[in-house]
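> Take this structure, written in C-alpha cells, and hold onto it; I'll ask about it next.
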Amino acid sequence: MNARTAPPTSHAFVNADTVVRSARTVIATEAAAIRALESRVDATFVQACEMILACKGRVVVSGMGKSGHIARKIAATLASTGTPSFFVHPGEASHGDLGMIQPDDIVLAISYSGETDELLFILPAIKRQGIRLISITGNPKSSLASQADVNIDGNVASEACPHGLAPTTSTTAALVMGDALAIALLEARGFTSDDFARSHPAGSLGRRLLLHIADVMHSGDDVPRVPVTATLSEALVEMTRKHLGMTAVVEPDGRLIGVFTDGDLRRALDDDGVDLRGATVAQLMTRGPKTIGSDKLAVEAAQLMEKHQIHALLVTDADGRVVGALNIHDLLRARVV
C-alpha cells in the first residue's frame, strides 16, 4: 500500500511568517546540535583517527536509509582527502557485497539508533574476519556501539522535525562528525592541495594545480618570432600568421630582446614621428617584456597577465631563449581562468 501524501497546498494559504519561523527553527536546532559536538571530540575521537591512520586497507563506510546517504558522502570525502574509502550498502553486503570488505579494512558504521537490523546482521561476519569497527551512533549503549572498537557520540537533543521522526539534526550531526574525521586525518597525513588536485584532475582546482605552461603553450614553428633586423611589415606578417597578437624579437641565437604587440602597433600609428614605411621592429618593440618558464603552473601565467594588464606571454628557458608563447585565450580554452 502506498503511503498517504498530504494534498497540495494553495499558495494563497501559505503563511509567510510561519514558513520563515519554521525554517529558522530548523537552522537554529541543527546549529545548536553542531556546537554541542565540539565537546565530543575527545580521546575516543583521537582513538578512531589513530585506528584509521594505522589501517593498511580501506575505510568501508556503511549505513541504512538517511544514514546511508550520509555514509556515502563521508566515504567520498575521505577518499578525496587522502584516506582510501568506499561505501557498502548493509543490505547488499549480506547478499554478497560483504566480499568487498577485506581483513585489513576498517568499517565505519553509521546508525543513530544503533539498532539498524541490516548493520547488526553483518557484524558477526565482520568480526570473524578480525575487521575493526568504528561506529557513529546516538546511543552509546546500543547494540552497534557496544560491539564497536570505538563509538563516536553523535547524540542530539532533538530532531528538527516537529514530530521528532524525520532524521534531520541527527544526520547533520553524523555528517559533521564524518567531516571532522576526514579533515583531522587529512592534516595528520600532511595531505596537500597538490595531493587533492591529483584526485580531482577534472575539477577547476585540479586544472589550476596540475596544468603547467608546457601543457598549454604554443611551441616550435607555432611561436611568433622575428629577428631583430626585421621590418615592421615582416613583424606584422608573422603576427598575422601565428594569431597571438604579438611576436617575439630575438637575437640570432634565439635569445629574447623584446616583444612587438598589437598595442605597440597602435601606439606607432598614433605617433606622427614614426615612419611606418621605414621603421624596423626593433625601433617599436617593447624591451624586457614579461616572460614565464615552461615549468611554471598555467595559473601563474594568468596571475601575471592580470597583474600587468597584458594578454600574452612569451615562454623562455634558463638562457633567455624563446621556447613558447601563449595568450589569454589559451588559458580560457584550458579553463584555467
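Chain labels A, B, ... are given in the sequence in which chains occur in the C-alpha cells; within each chain residues are numbered consecutively from 1, and ligands are likewise numbered from 1 in the order shown.
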Would you mind listing what lies within 8 Å of range 262-265 of chain A as a VMD selection string, with only C-alpha atoms counted and same-chain residues fewer than 2 positions away left out?
chain A and resid 245 to 246 260 267 to 269 284 to 286
> Between A:Thr172, A:Gln102, A:Ser219, A:Ser143, which residue has the minimum interatomic distance to Val323 in chain A, considering only C-alpha atoms?
A:Ser219
> Give me the residues near Gly82 in chain A as a ChimeraX atom specification, where near means some atom within 7 Å (using only C-alpha atoms) and where sequence neighbours in that chain fewer than 2 positions away do not count.
/A:78-80,84,186,191
> Selected residues, C-alpha atoms, written as a short mmCIF file (atom, residue, chain, number, x, y, z; two decimals), in the first residue's frame, please.

```
data_model
loop_
_atom_site.label_atom_id
_atom_site.label_comp_id
_atom_site.auth_asym_id
_atom_site.auth_seq_id
_atom_site.Cartn_x
_atom_site.Cartn_y
_atom_site.Cartn_z
CA LEU A 78 37.54 10.53 3.00
CA ALA A 79 38.59 9.20 -0.41
CA SER A 80 39.19 12.68 -1.82
CA PRO A 84 41.10 5.32 0.76
CA LEU A 186 43.96 15.00 6.16
CA PHE A 191 47.76 15.92 2.69
#
```
> Just how far from CA of Ala214 in chain A is CA of Ala302 in chain A, in Å to one decimal?
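Here the two named atoms are 14.0 Å from each other.
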